[in-house]
Amino acid sequence: MSHDICIIGGGAVGSTLAYFLYRAGVTDIPVYFGHEETVRAVLREKWVRVYDKVENRDYIVPIIPRHYSSPIDKCRFILNTVKAYSVPETFRLMEKIMDVGGVIVMLQNGIGSLELAEERFGVRVAGGVVYFGAERVSPVYTVYHGGRTVIAGCRHGLCMELTELNRVFKLGGLEFRVVSNIDYYRWLKLALNAVVNPLTAISRSRNSIVLSRPGLELASLILTEFIEVAGKHGFRFELNRLLEYVVNNVRSTRDNYSSMAQDVLNKSPTEIDFINGFIAKELGGGPSINKIITLMIHLIEESNKSKNSVQ
């Protein structure tokens, strides 16, 4: 079957993108899941439900649930929203479903996933960063907390095809902005993720915890190291302006649980190695706040594994 847009990963981000596509009038959206039980759950309902907290309204979003093992579609655009550590598992699937001349948009947190996809698929890959808050409550229910922007672009060429996604998402109320300097925005989003994700995960709190006194002190320490690493890669950031950027984004999604907080609460693996772990590694591996935070998250992951094994 031929489709303009397919989504790989039906979590909070994938479901929210399907919601905005539905609002734009796109129907029959194939969404690929890695777990067969999730496919069965969606098949039973015949849709996913997205609660738009901004509008205080529920939306029923019809999708076509697929399993990774059933690559039966041909997709002009593939929106890959899986966790960074799961990206390699989707390569074979993308090879099967990408149409001739198709474009893959990688929408993971942190640094590393886009690079892996480019090695495999070359110039047909774009990177993207997501600026909205969403929380997956169950396989068929997502809460959208706010924010309406995705920034995307190709590092090897202009990817003019992305302007079509800009047009479609705009109809649904989402700004899909196409830029020529996507790496700058990836680093900017890395700074935000490096603060919000681990601090909310460690404290098991909503994003608003970052605005507390200890949250802001930790944010300054994290961002100071981030600025050092970004400088090595040719990106210059100033601490006060970067902290203001983080605070403004947290205020707009203060009631949301970050993706990492959701992972910890669900006893799932996290993307810490692609975020704070990446910063710590780039610093040279010595003592650093980002290394300590990375180890703390790994400690929580180990604790969750122990609890799961006991159960």
# chains A, B, ... in the order shown; residues from 1 in each chain; ligands from 1
$ residues_around --residues "region 83-90 of chain A" --least-positions-apart "3" --cutoff "6 Å" --atoms "only C-alpha atoms" --output "ChimeraX atom specification"
/A:93,108,113
$ select_by_dssp --residues "region 174-285 of chain A" --states "strand (DSSP E or B)" --output "ChimeraX atom specification"
/A:175-178
$ closest_residue --among "A:Ile72, A:Val246, A:Leu114, A:Val229" --to "Asn290 (chain A)" --atoms "only C-alpha atoms"
A:Val229
$ residues_around --residues "region 209-225 of chain A" --least-positions-apart "6" --cutoff "8 Å" --atoms "only C-alpha atoms" --output "PyMOL selection string"
chain A and resi 191+194-196+199-200+239+242-243+247+250+279+283+288-290
$ residues_around --residues "Asn197 (chain A)" --least-positions-apart "4" --cutoff "9 Å" --atoms "only C-alpha atoms" --output "JSON, numbers by chain"
{"A": [192, 193, 201, 202, 207, 257, 258, 259, 260, 261, 272, 275]}
$ write_last_selection --atoms "N, CA, C and O atoms" --output "mmCIF file, in the first residue's frame"
data_model
loop_
_atom_site.group_PDB
_atom_site.id
_atom_site.type_symbol
_atom_site.label_atom_id
_atom_site.label_comp_id
_atom_site.auth_asym_id
_atom_site.auth_seq_id
_atom_site.Cartn_x
_atom_site.Cartn_y
_atom_site.Cartn_z
ATOM 1 N N LEU A 192 18.518 21.473 26.365
ATOM 2 C CA LEU A 192 17.241 21.365 27.071
ATOM 3 C C LEU A 192 17.043 19.963 27.639
ATOM 4 O O LEU A 192 16.688 19.799 28.809
ATOM 5 N N ASN A 193 17.282 18.948 26.817
ATOM 6 C CA ASN A 193 17.121 17.566 27.271
ATOM 7 C C ASN A 193 18.086 17.208 28.396
ATOM 8 O O ASN A 193 17.731 16.460 29.319
ATOM 9 N N ALA A 201 13.642 12.751 35.827
ATOM 10 C CA ALA A 201 13.707 11.296 35.998
ATOM 11 C C ALA A 201 14.220 10.934 37.387
ATOM 12 O O ALA A 201 13.677 10.042 38.055
ATOM 13 N N ILE A 202 15.273 11.615 37.838
ATOM 14 C CA ILE A 202 15.839 11.328 39.158
ATOM 15 C C ILE A 202 14.833 11.648 40.262
ATOM 16 O O ILE A 202 14.684 10.897 41.230
ATOM 17 N N ASN A 207 7.958 18.433 34.796
ATOM 18 C CA ASN A 207 8.995 19.369 34.345
ATOM 19 C C ASN A 207 9.189 20.555 35.277
ATOM 20 O O ASN A 207 10.275 21.126 35.364
ATOM 21 N N TYR A 257 5.430 15.197 32.130
ATOM 22 C CA TYR A 257 6.539 14.344 32.527
ATOM 23 C C TYR A 257 7.451 14.191 31.316
ATOM 24 O O TYR A 257 6.985 13.825 30.235
ATOM 25 N N SER A 258 8.724 14.469 31.461
ATOM 26 C CA SER A 258 9.648 14.299 30.343
ATOM 27 C C SER A 258 9.657 12.840 29.901
ATOM 28 O O SER A 258 9.225 11.948 30.643
ATOM 29 N N SER A 259 10.172 12.602 28.704
ATOM 30 C CA SER A 259 10.227 11.225 28.199
ATOM 31 C C SER A 259 11.058 10.340 29.115
ATOM 32 O O SER A 259 10.728 9.167 29.339
ATOM 33 N N MET A 260 12.133 10.889 29.702
ATOM 34 C CA MET A 260 12.985 10.088 30.577
ATOM 35 C C MET A 260 12.290 9.812 31.910
ATOM 36 O O MET A 260 12.423 8.716 32.470
ATOM 37 N N ALA A 261 11.557 10.791 32.415
ATOM 38 C CA ALA A 261 10.787 10.558 33.637
ATOM 39 C C ALA A 261 9.748 9.465 33.408
ATOM 40 O O ALA A 261 9.535 8.599 34.266
ATOM 41 N N ILE A 272 19.683 8.154 28.266
ATOM 42 C CA ILE A 272 20.691 8.948 28.961
ATOM 43 C C ILE A 272 22.050 8.932 28.252
ATOM 44 O O ILE A 272 22.770 9.934 28.238
ATOM 45 N N ILE A 275 22.377 11.592 25.690
ATOM 46 C CA ILE A 275 22.176 12.977 26.149
ATOM 47 C C ILE A 275 23.316 13.357 27.094
ATOM 48 O O ILE A 275 24.371 13.784 26.650
#
$ select_by_dssp --residues "region 34-255 of chain A" --states "helix (DSSP H, G or I)" --output "ChimeraX atom specification"
/A:36-45,84-97,113-124,162-172,182-203,207-211,213-232,239-252
$ residues_around --residues "Val61 (chain A)" --least-positions-apart "6" --cutoff "12 Å" --atoms "only C-alpha atoms" --output "ChimeraX atom specification"
/A:14-31,42,45-52,140-142
$ closest_residue --among "A:Gly277, A:Gly157, A:Gly112, A:Gly10" --to "His67 (chain A)" --atoms "only C-alpha atoms"
A:Gly10
$ closest_residue --among "A:Lys291, A:His156, A:Lys74, A:Arg254" --to "Asp183 (chain A)" --atoms "only C-alpha atoms"
A:His156
$ residues_around --residues "region 99-102 of chain A" --least-positions-apart "5" --cutoff "8 Å" --atoms "only C-alpha atoms" --output "list in words"
Lys74, Cys75, Arg76, Phe77, Ile78 and Arg124 of chain A
$ atom_distance --atom1 "CA of Arg57 (chain A)" --atom2 "CA of Ile7 (chain A)"
23.5 Å
$ decode --residues "region 87-99 of chain A" --atoms "all heavy atoms" --output "PDB file, in the first residue's frame"
ATOM      1  N   VAL A  87      16.888   2.680  17.553  1.00  0.00           N
ATOM      2  CA  VAL A  87      16.989   3.076  16.147  1.00  0.00           C
ATOM      3  C   VAL A  87      17.532   1.957  15.254  1.00  0.00           C
ATOM      4  O   VAL A  87      16.961   1.684  14.184  1.00  0.00           O
ATOM      5  CB  VAL A  87      17.827   4.368  16.007  1.00  0.00           C
ATOM      6  CG1 VAL A  87      18.283   4.584  14.572  1.00  0.00           C
ATOM      7  CG2 VAL A  87      17.003   5.566  16.475  1.00  0.00           C
ATOM      8  N   PRO A  88      18.644   1.276  15.617  1.00  0.00           N
ATOM      9  CA  PRO A  88      19.154   0.222  14.717  1.00  0.00           C
ATOM     10  C   PRO A  88      18.128  -0.872  14.416  1.00  0.00           C
ATOM     11  O   PRO A  88      18.155  -1.460  13.330  1.00  0.00           O
ATOM     12  CB  PRO A  88      20.358  -0.342  15.480  1.00  0.00           C
ATOM     13  CG  PRO A  88      20.833   0.799  16.329  1.00  0.00           C
ATOM     14  CD  PRO A  88      19.569   1.491  16.756  1.00  0.00           C
ATOM     15  N   GLU A  89      17.215  -1.134  15.355  1.00  0.00           N
ATOM     16  CA  GLU A  89      16.195  -2.154  15.138  1.00  0.00           C
ATOM     17  C   GLU A  89      15.216  -1.770  14.041  1.00  0.00           C
ATOM     18  O   GLU A  89      14.483  -2.633  13.522  1.00  0.00           O
ATOM     19  CB  GLU A  89      15.415  -2.407  16.435  1.00  0.00           C
ATOM     20  CG  GLU A  89      16.266  -2.887  17.607  1.00  0.00           C
ATOM     21  CD  GLU A  89      15.476  -2.924  18.897  1.00  0.00           C
ATOM     22  OE1 GLU A  89      14.225  -2.971  18.835  1.00  0.00           O
ATOM     23  OE2 GLU A  89      16.101  -2.897  19.972  1.00  0.00           O
ATOM     24  N   THR A  90      15.171  -0.494  13.675  1.00  0.00           N
ATOM     25  CA  THR A  90      14.209  -0.028  12.669  1.00  0.00           C
ATOM     26  C   THR A  90      14.803   0.068  11.267  1.00  0.00           C
ATOM     27  O   THR A  90      14.086   0.379  10.318  1.00  0.00           O
ATOM     28  CB  THR A  90      13.654   1.362  13.057  1.00  0.00           C
ATOM     29  OG1 THR A  90      14.704   2.343  12.998  1.00  0.00           O
ATOM     30  CG2 THR A  90      13.075   1.345  14.468  1.00  0.00           C
ATOM     31  N   PHE A  91      16.099  -0.190  11.127  1.00  0.00           N
ATOM     32  CA  PHE A  91      16.746  -0.002   9.828  1.00  0.00           C
ATOM     33  C   PHE A  91      16.154  -0.913   8.751  1.00  0.00           C
ATOM     34  O   PHE A  91      15.856  -0.470   7.643  1.00  0.00           O
ATOM     35  CB  PHE A  91      18.249  -0.232   9.949  1.00  0.00           C
ATOM     36  CG  PHE A  91      18.993   0.918  10.580  1.00  0.00           C
ATOM     37  CD1 PHE A  91      20.294   0.753  11.023  1.00  0.00           C
ATOM     38  CD2 PHE A  91      18.401   2.151  10.752  1.00  0.00           C
ATOM     39  CE1 PHE A  91      20.988   1.799  11.608  1.00  0.00           C
ATOM     40  CE2 PHE A  91      19.068   3.204  11.340  1.00  0.00           C
ATOM     41  CZ  PHE A  91      20.374   3.024  11.769  1.00  0.00           C
ATOM     42  N   ARG A  92      16.025  -2.185   9.057  1.00  0.00           N
ATOM     43  CA  ARG A  92      15.495  -3.113   8.062  1.00  0.00           C
ATOM     44  C   ARG A  92      14.066  -2.732   7.683  1.00  0.00           C
ATOM     45  O   ARG A  92      13.682  -2.793   6.506  1.00  0.00           O
ATOM     46  CB  ARG A  92      15.536  -4.544   8.592  1.00  0.00           C
ATOM     47  CG  ARG A  92      15.077  -5.580   7.571  1.00  0.00           C
ATOM     48  CD  ARG A  92      15.210  -7.005   8.105  1.00  0.00           C
ATOM     49  NE  ARG A  92      14.738  -7.973   7.130  1.00  0.00           N
ATOM     50  CZ  ARG A  92      13.455  -8.308   6.975  1.00  0.00           C
ATOM     51  NH1 ARG A  92      12.531  -7.747   7.740  1.00  0.00           N
ATOM     52  NH2 ARG A  92      13.092  -9.207   6.064  1.00  0.00           N
ATOM     53  N   LEU A  93      13.282  -2.344   8.669  1.00  0.00           N
ATOM     54  CA  LEU A  93      11.911  -1.917   8.403  1.00  0.00           C
ATOM     55  C   LEU A  93      11.895  -0.722   7.462  1.00  0.00           C
ATOM     56  O   LEU A  93      11.131  -0.693   6.481  1.00  0.00           O
ATOM     57  CB  LEU A  93      11.210  -1.576   9.718  1.00  0.00           C
ATOM     58  CG  LEU A  93       9.834  -0.908   9.615  1.00  0.00           C
ATOM     59  CD1 LEU A  93       8.840  -1.816   8.898  1.00  0.00           C
ATOM     60  CD2 LEU A  93       9.315  -0.541  11.006  1.00  0.00           C
ATOM     61  N   MET A  94      12.745   0.272   7.730  1.00  0.00           N
ATOM     62  CA  MET A  94      12.754   1.464   6.877  1.00  0.00           C
ATOM     63  C   MET A  94      13.200   1.143   5.459  1.00  0.00           C
ATOM     64  O   MET A  94      12.703   1.715   4.491  1.00  0.00           O
ATOM     65  CB  MET A  94      13.633   2.550   7.506  1.00  0.00           C
ATOM     66  CG  MET A  94      13.052   3.136   8.784  1.00  0.00           C
ATOM     67  SD  MET A  94      13.844   4.663   9.336  1.00  0.00           S
ATOM     68  CE  MET A  94      15.456   4.072   9.839  1.00  0.00           C
ATOM     69  N   GLU A  95      14.150   0.215   5.336  1.00  0.00           N
ATOM     70  CA  GLU A  95      14.583  -0.207   3.997  1.00  0.00           C
ATOM     71  C   GLU A  95      13.416  -0.797   3.207  1.00  0.00           C
ATOM     72  O   GLU A  95      13.305  -0.587   1.997  1.00  0.00           O
ATOM     73  CB  GLU A  95      15.702  -1.246   4.118  1.00  0.00           C
ATOM     74  CG  GLU A  95      17.037  -0.671   4.523  1.00  0.00           C
ATOM     75  CD  GLU A  95      18.079  -1.741   4.791  1.00  0.00           C
ATOM     76  OE1 GLU A  95      17.703  -2.926   4.954  1.00  0.00           O
ATOM     77  OE2 GLU A  95      19.272  -1.397   4.836  1.00  0.00           O
ATOM     78  N   LYS A  96      12.531  -1.503   3.906  1.00  0.00           N
ATOM     79  CA  LYS A  96      11.408  -2.161   3.245  1.00  0.00           C
ATOM     80  C   LYS A  96      10.298  -1.184   2.862  1.00  0.00           C
ATOM     81  O   LYS A  96       9.666  -1.337   1.814  1.00  0.00           O
ATOM     82  CB  LYS A  96      10.833  -3.253   4.156  1.00  0.00           C
ATOM     83  CG  LYS A  96      11.780  -4.420   4.414  1.00  0.00           C
ATOM     84  CD  LYS A  96      11.917  -5.295   3.187  1.00  0.00           C
ATOM     85  CE  LYS A  96      12.723  -6.535   3.495  1.00  0.00           C
ATOM     86  NZ  LYS A  96      12.869  -7.418   2.310  1.00  0.00           N
ATOM     87  N   ILE A  97      10.042  -0.191   3.710  1.00  0.00           N
ATOM     88  CA  ILE A  97       8.857   0.640   3.483  1.00  0.00           C
ATOM     89  C   ILE A  97       9.152   1.987   2.827  1.00  0.00           C
ATOM     90  O   ILE A  97       8.217   2.667   2.397  1.00  0.00           O
ATOM     91  CB  ILE A  97       8.070   0.876   4.797  1.00  0.00           C
ATOM     92  CG1 ILE A  97       8.872   1.740   5.774  1.00  0.00           C
ATOM     93  CG2 ILE A  97       7.675  -0.451   5.434  1.00  0.00           C
ATOM     94  CD1 ILE A  97       8.101   2.093   7.041  1.00  0.00           C
ATOM     95  N   MET A  98      10.416   2.381   2.720  1.00  0.00           N
ATOM     96  CA  MET A  98      10.703   3.676   2.108  1.00  0.00           C
ATOM     97  C   MET A  98      10.491   3.604   0.600  1.00  0.00           C
ATOM     98  O   MET A  98      11.068   2.765  -0.086  1.00  0.00           O
ATOM     99  CB  MET A  98      12.124   4.143   2.411  1.00  0.00           C
ATOM    100  CG  MET A  98      12.401   5.550   1.870  1.00  0.00           C
ATOM    101  SD  MET A  98      13.933   6.297   2.485  1.00  0.00           S
ATOM    102  CE  MET A  98      15.160   5.193   1.782  1.00  0.00           C
ATOM    103  N   ASP A  99       9.673   4.497   0.098  1.00  0.00           N
ATOM    104  CA  ASP A  99       9.389   4.550  -1.333  1.00  0.00           C
ATOM    105  C   ASP A  99      10.583   5.141  -2.077  1.00  0.00           C
ATOM    106  O   ASP A  99      11.450   5.791  -1.471  1.00  0.00           O
ATOM    107  CB  ASP A  99       8.142   5.411  -1.582  1.00  0.00           C
ATOM    108  CG  ASP A  99       7.412   4.999  -2.849  1.00  0.00           C
ATOM    109  OD1 ASP A  99       8.002   4.245  -3.649  1.00  0.00           O
ATOM    110  OD2 ASP A  99       6.264   5.448  -3.040  1.00  0.00           O
TER     111      ASP A  99
END
